[in-house]
>>> print(open('structure10.cif').read())   # mmCIF, C-alpha atoms
data_input
#
loop_
_atom_site.group_PDB
_atom_site.id
_atom_site.type_symbol
_atom_site.label_atom_id
_atom_site.label_comp_id
_atom_site.auth_asym_id
_atom_site.auth_seq_id
_atom_site.Cartn_x
_atom_site.Cartn_y
_atom_site.Cartn_z
ATOM 1 C CA MET A 1 17.129 35.043 -37.230
ATOM 2 C CA ARG A 2 20.073 32.663 -37.393
ATOM 3 C CA GLY A 3 21.169 33.705 -33.904
ATOM 4 C CA ARG A 4 17.861 32.700 -32.381
ATOM 5 C CA CYS A 5 17.805 29.316 -34.126
ATOM 6 C CA SER A 6 21.358 28.510 -33.129
ATOM 7 C CA ARG A 7 20.599 29.389 -29.493
ATOM 8 C CA LYS A 8 17.514 27.168 -29.539
ATOM 9 C CA LEU A 9 19.510 24.301 -31.008
ATOM 10 C CA GLY A 10 22.176 24.780 -28.341
ATOM 11 C CA VAL A 11 19.557 24.625 -25.576
ATOM 12 C CA LEU A 12 17.971 21.540 -27.136
ATOM 13 C CA ALA A 13 21.363 19.847 -27.418
ATOM 14 C CA LYS A 14 22.127 20.545 -23.756
ATOM 15 C CA ALA A 15 18.688 19.286 -22.706
ATOM 16 C CA GLY A 16 19.157 16.123 -24.770
ATOM 17 C CA LEU A 17 22.589 15.511 -23.260
ATOM 18 C CA LEU A 18 21.174 15.998 -19.756
ATOM 19 C CA LEU A 19 18.329 13.557 -20.429
ATOM 20 C CA TRP A 20 20.762 11.005 -21.823
ATOM 21 C CA VAL A 21 23.009 11.282 -18.736
ATOM 22 C CA LEU A 22 20.003 10.930 -16.410
ATOM 23 C CA TRP A 23 18.764 7.891 -18.342
ATOM 24 C CA LEU A 24 22.206 6.273 -18.194
ATOM 25 C CA GLY A 25 22.406 6.925 -14.436
ATOM 26 C CA TYR A 26 18.966 5.420 -13.948
ATOM 27 C CA ILE A 27 19.923 2.286 -15.874
ATOM 28 C CA LEU A 28 23.099 1.869 -13.827
ATOM 29 C CA LEU A 29 21.348 2.418 -10.486
ATOM 30 C CA ALA A 30 18.365 0.241 -11.350
ATOM 31 C CA GLY A 31 20.635 -2.639 -12.344
ATOM 32 C CA SER A 32 22.646 -2.455 -9.147
ATOM 33 C CA SER A 33 19.728 -1.976 -6.718
ATOM 34 C CA PHE A 34 17.629 -4.983 -7.782
ATOM 35 C CA PRO A 35 18.840 -8.432 -6.691
ATOM 36 C CA SER A 36 19.779 -10.899 -9.369
ATOM 37 C CA SER A 37 17.465 -13.797 -10.126
ATOM 38 C CA SER A 38 19.743 -16.283 -8.330
ATOM 39 C CA THR A 39 19.543 -14.348 -5.039
ATOM 40 C CA VAL A 40 15.750 -14.081 -5.272
ATOM 41 C CA GLU A 41 15.471 -17.855 -5.594
ATOM 42 C CA GLU A 42 17.596 -18.343 -2.477
ATOM 43 C CA GLU A 43 15.550 -15.914 -0.375
ATOM 44 C CA GLU A 44 13.084 -17.389 2.060
ATOM 45 C CA ASP A 45 10.232 -15.673 3.850
ATOM 46 C CA GLU A 46 9.582 -15.862 7.604
ATOM 47 C CA GLU A 47 7.563 -19.077 7.306
ATOM 48 C CA GLY A 48 10.468 -20.897 5.669
ATOM 49 C CA ARG A 49 8.896 -21.217 2.219
ATOM 50 C CA ASN A 50 10.673 -20.256 -0.922
ATOM 51 C CA VAL A 51 9.542 -16.866 -2.215
ATOM 52 C CA ARG A 52 9.981 -17.882 -5.844
ATOM 53 C CA ALA A 53 7.860 -21.008 -5.359
ATOM 54 C CA LYS A 54 5.085 -18.932 -3.763
ATOM 55 C CA GLN A 55 5.147 -16.519 -6.706
ATOM 56 C CA ARG A 56 4.951 -19.437 -9.158
ATOM 57 C CA SER A 57 1.921 -20.878 -7.340
ATOM 58 C CA LEU A 58 0.193 -17.470 -7.445
ATOM 59 C CA ASP A 59 0.928 -17.171 -11.163
ATOM 60 C CA GLU A 60 -0.410 -20.686 -11.813
ATOM 61 C CA ALA A 61 -3.608 -19.932 -9.871
ATOM 62 C CA ALA A 62 -4.118 -16.748 -11.889
ATOM 63 C CA ALA A 63 -3.525 -18.650 -15.126
ATOM 64 C CA ASP A 64 -6.247 -21.158 -14.176
ATOM 65 C CA GLY A 65 -8.708 -18.315 -13.655
ATOM 66 C CA GLN A 66 -8.893 -18.938 -9.913
ATOM 67 C CA LEU A 67 -8.233 -16.298 -7.345
ATOM 68 C CA ALA A 68 -5.378 -16.863 -4.948
ATOM 69 C CA ARG A 69 -6.258 -17.427 -1.305
ATOM 70 C CA PRO A 70 -5.779 -14.244 0.755
ATOM 71 C CA PHE A 71 -2.809 -14.056 3.110
ATOM 72 C CA TYR A 72 -4.980 -12.748 5.956
ATOM 73 C CA ASN A 73 -7.844 -14.915 7.175
ATOM 74 C CA LYS A 74 -10.544 -12.641 8.543
ATOM 75 C CA PRO A 75 -11.878 -13.827 11.919
ATOM 76 C CA ALA A 76 -15.549 -14.643 12.369
ATOM 77 C CA PRO A 77 -17.737 -11.600 13.062
ATOM 78 C CA ASP A 78 -18.069 -10.639 16.716
ATOM 79 C CA SER A 79 -21.380 -8.818 17.212
ATOM 80 C CA ASN A 80 -20.072 -7.155 20.406
ATOM 81 C CA ALA A 81 -16.946 -5.678 18.776
ATOM 82 C CA LEU A 82 -16.707 -1.914 18.322
ATOM 83 C CA GLY A 83 -17.932 -0.758 14.909
ATOM 84 C CA GLU A 84 -18.887 -4.276 13.800
ATOM 85 C CA TRP A 85 -21.452 -4.297 10.952
ATOM 86 C CA GLY A 86 -21.077 -0.516 10.624
ATOM 87 C CA ARG A 87 -22.770 0.340 13.923
ATOM 88 C CA ALA A 88 -21.943 3.581 15.719
ATOM 89 C CA THR A 89 -19.525 3.289 18.632
ATOM 90 C CA HIS A 90 -20.092 4.971 21.985
ATOM 91 C CA LEU A 91 -17.613 4.438 24.803
ATOM 92 C CA ASN A 92 -17.964 5.033 28.546
ATOM 93 C CA LEU A 93 -14.735 6.914 29.162
ATOM 94 C CA SER A 94 -12.982 8.059 32.287
ATOM 95 C CA PRO A 95 -12.287 11.801 32.640
ATOM 96 C CA GLU A 96 -8.665 11.351 31.439
ATOM 97 C CA GLU A 97 -9.796 9.389 28.402
ATOM 98 C CA LYS A 98 -12.559 11.926 27.722
ATOM 99 C CA LYS A 99 -9.918 14.693 27.704
ATOM 100 C CA LEU A 100 -7.761 12.701 25.237
ATOM 101 C CA GLU A 101 -10.830 12.222 23.044
ATOM 102 C CA GLN A 102 -11.656 15.948 23.074
ATOM 103 C CA ASP A 103 -8.034 16.857 22.324
ATOM 104 C CA SER A 104 -8.003 14.553 19.298
ATOM 105 C CA VAL A 105 -11.270 16.043 18.009
ATOM 106 C CA GLU A 106 -9.907 19.581 18.395
ATOM 107 C CA ARG A 107 -6.567 18.735 16.816
ATOM 108 C CA TYR A 108 -7.595 16.479 13.901
ATOM 109 C CA ALA A 109 -11.343 17.284 13.544
ATOM 110 C CA ILE A 110 -12.026 13.557 13.922
ATOM 111 C CA ASN A 111 -12.312 11.305 16.964
ATOM 112 C CA ILE A 112 -8.962 9.508 16.639
ATOM 113 C CA TYR A 113 -9.251 8.077 20.154
ATOM 114 C CA VAL A 114 -12.352 6.030 19.309
ATOM 115 C CA SER A 115 -11.123 5.334 15.776
ATOM 116 C CA ASP A 116 -8.012 3.649 17.181
ATOM 117 C CA LYS A 117 -10.220 1.370 19.300
ATOM 118 C CA ILE A 118 -12.165 0.091 16.241
ATOM 119 C CA SER A 119 -10.651 -2.865 14.380
ATOM 120 C CA LEU A 120 -9.471 -2.365 10.813
ATOM 121 C CA HIS A 121 -10.681 -5.876 10.019
ATOM 122 C CA ARG A 122 -14.285 -5.374 11.068
ATOM 123 C CA HIS A 123 -17.180 -6.594 8.968
ATOM 124 C CA ILE A 124 -19.603 -4.193 7.284
ATOM 125 C CA GLN A 125 -23.052 -4.729 5.808
ATOM 126 C CA ASP A 126 -23.303 -5.279 2.078
ATOM 127 C CA HIS A 127 -26.093 -3.108 0.693
ATOM 128 C CA ARG A 128 -25.584 -4.041 -2.935
ATOM 129 C CA MET A 129 -28.555 -5.370 -4.890
ATOM 130 C CA ASN A 130 -28.676 -9.099 -5.542
ATOM 131 C CA GLU A 131 -28.247 -10.042 -9.155
#
>>> encode(input="structure10.cif", output="structure tokens")
Amino acid sequence: MRGRCSRKLGVLAKAGLLLWVLWLGYILLAGSSFPSSSTVEEEEDEEGRNVRAKQRSLDEAAADGQLARPFYNKPAPDSNALGEWGRATHLNLSPEEKKLEQDSVERYAINIYVSDKISLHRHIQDHRMNE
């Protein structure tokens, strides 16, 4: 009975030591991989604005209960665009394009060729009930 308990304690001690070493390694790596606060303040994004200032303005807007303005301004809806307002898309394709379309359907079980032609930023109808 004592032999089994001492073996279990030995295994638990080794597991605890391993967890402690992993935790210590994580702390050391996490501290070295993240930039210090002084370097974050000096960083600037591609538009030339200070990243820290932008974060502060987002935090202030959230504190006021207002939503921050999105970074991407969606263009006005184009009724002739492919897939706009959730309409089905049918293309008049050349024989080479038709072959590419069939190959994508056979390979992925979805029409990737037409899917790539449809904008990710298209508008869809809102079918929710009015409150």
>>> resolve_selection(input="structure10.cif", expression="the PyMOL selection byres ((chain A and resi 90-102) around 12)", output="PyMOL selection string")
chain A and resi 81-83+87-89+103-118
>>> atom_distance(input="structure10.cif", atom1="atom CA of Trp23 of chain A", atom2="atom CA of Lys8 of chain A")
22.3 Å
>>> axis_aligned_box(input="structure10.cif", around="segment 94-111 of chain A", padding_each_side="4 Å", output="JSON")
{"center_x": -9.8, "center_y": 13.8, "center_z": 23.1, "size_x": 14.4, "size_y": 19.5, "size_z": 27.1}
>>> atom_distance(input="structure10.cif", atom1="atom CA of Val11 of chain A", atom2="atom CA of Ala30 of chain A")
28.3 Å
>>> atom_distance(input="structure10.cif", atom1="atom CA of Ala13 of chain A", atom2="atom CA of Ser32 of chain A")
28.9 Å
>>> build_atoms(input="structure10.cif", residues="segment 79-97 of chain A", atoms="N, CA and C atoms", output="tab-separated table (two decimals), in the frame of the given file")
chain	number	residue	atom	x	y	z
A	79	SER	N	-20.33	-9.83	17.17
A	79	SER	CA	-21.38	-8.82	17.21
A	79	SER	C	-21.18	-7.80	18.33
A	80	ASN	N	-20.32	-8.09	19.31
A	80	ASN	CA	-20.07	-7.16	20.41
A	80	ASN	C	-18.86	-6.26	20.15
A	81	ALA	N	-18.15	-6.47	19.06
A	81	ALA	CA	-16.95	-5.68	18.78
A	81	ALA	C	-17.34	-4.26	18.37
A	82	LEU	N	-16.45	-3.31	18.65
A	82	LEU	CA	-16.71	-1.91	18.32
A	82	LEU	C	-16.76	-1.73	16.81
A	83	GLY	N	-17.81	-1.08	16.33
A	83	GLY	CA	-17.93	-0.76	14.91
A	83	GLY	C	-18.28	-1.93	14.02
A	84	GLU	N	-18.55	-3.10	14.61
A	84	GLU	CA	-18.89	-4.28	13.80
A	84	GLU	C	-20.22	-4.05	13.09
A	85	TRP	N	-20.30	-4.45	11.84
A	85	TRP	CA	-21.45	-4.30	10.95
A	85	TRP	C	-21.82	-2.83	10.74
A	86	GLY	N	-20.87	-1.93	10.91
A	86	GLY	CA	-21.08	-0.52	10.62
A	86	GLY	C	-21.87	0.24	11.67
A	87	ARG	N	-22.03	-0.34	12.86
A	87	ARG	CA	-22.77	0.34	13.92
A	87	ARG	C	-21.94	1.45	14.54
A	88	ALA	N	-22.62	2.48	15.04
A	88	ALA	CA	-21.94	3.58	15.72
A	88	ALA	C	-21.33	3.08	17.03
A	89	THR	N	-20.23	3.70	17.43
A	89	THR	CA	-19.52	3.29	18.63
A	89	THR	C	-19.59	4.40	19.67
A	90	HIS	N	-20.05	4.04	20.86
A	90	HIS	CA	-20.09	4.97	21.98
A	90	HIS	C	-19.37	4.30	23.15
A	91	LEU	N	-18.39	5.00	23.71
A	91	LEU	CA	-17.61	4.44	24.80
A	91	LEU	C	-17.94	5.16	26.10
A	92	ASN	N	-17.88	4.43	27.22
A	92	ASN	CA	-17.96	5.03	28.55
A	92	ASN	C	-16.53	5.30	28.98
A	93	LEU	N	-16.13	6.56	28.93
A	93	LEU	CA	-14.74	6.91	29.16
A	93	LEU	C	-14.55	7.58	30.51
A	94	SER	N	-13.36	7.37	31.06
A	94	SER	CA	-12.98	8.06	32.29
A	94	SER	C	-12.68	9.52	31.94
A	95	PRO	N	-12.57	10.39	32.94
A	95	PRO	CA	-12.29	11.80	32.64
A	95	PRO	C	-10.97	12.01	31.87
A	96	GLU	N	-9.93	11.21	32.17
A	96	GLU	CA	-8.66	11.35	31.44
A	96	GLU	C	-8.83	10.95	29.98
A	97	GLU	N	-9.56	9.84	29.77
A	97	GLU	CA	-9.80	9.39	28.40
A	97	GLU	C	-10.70	10.36	27.64
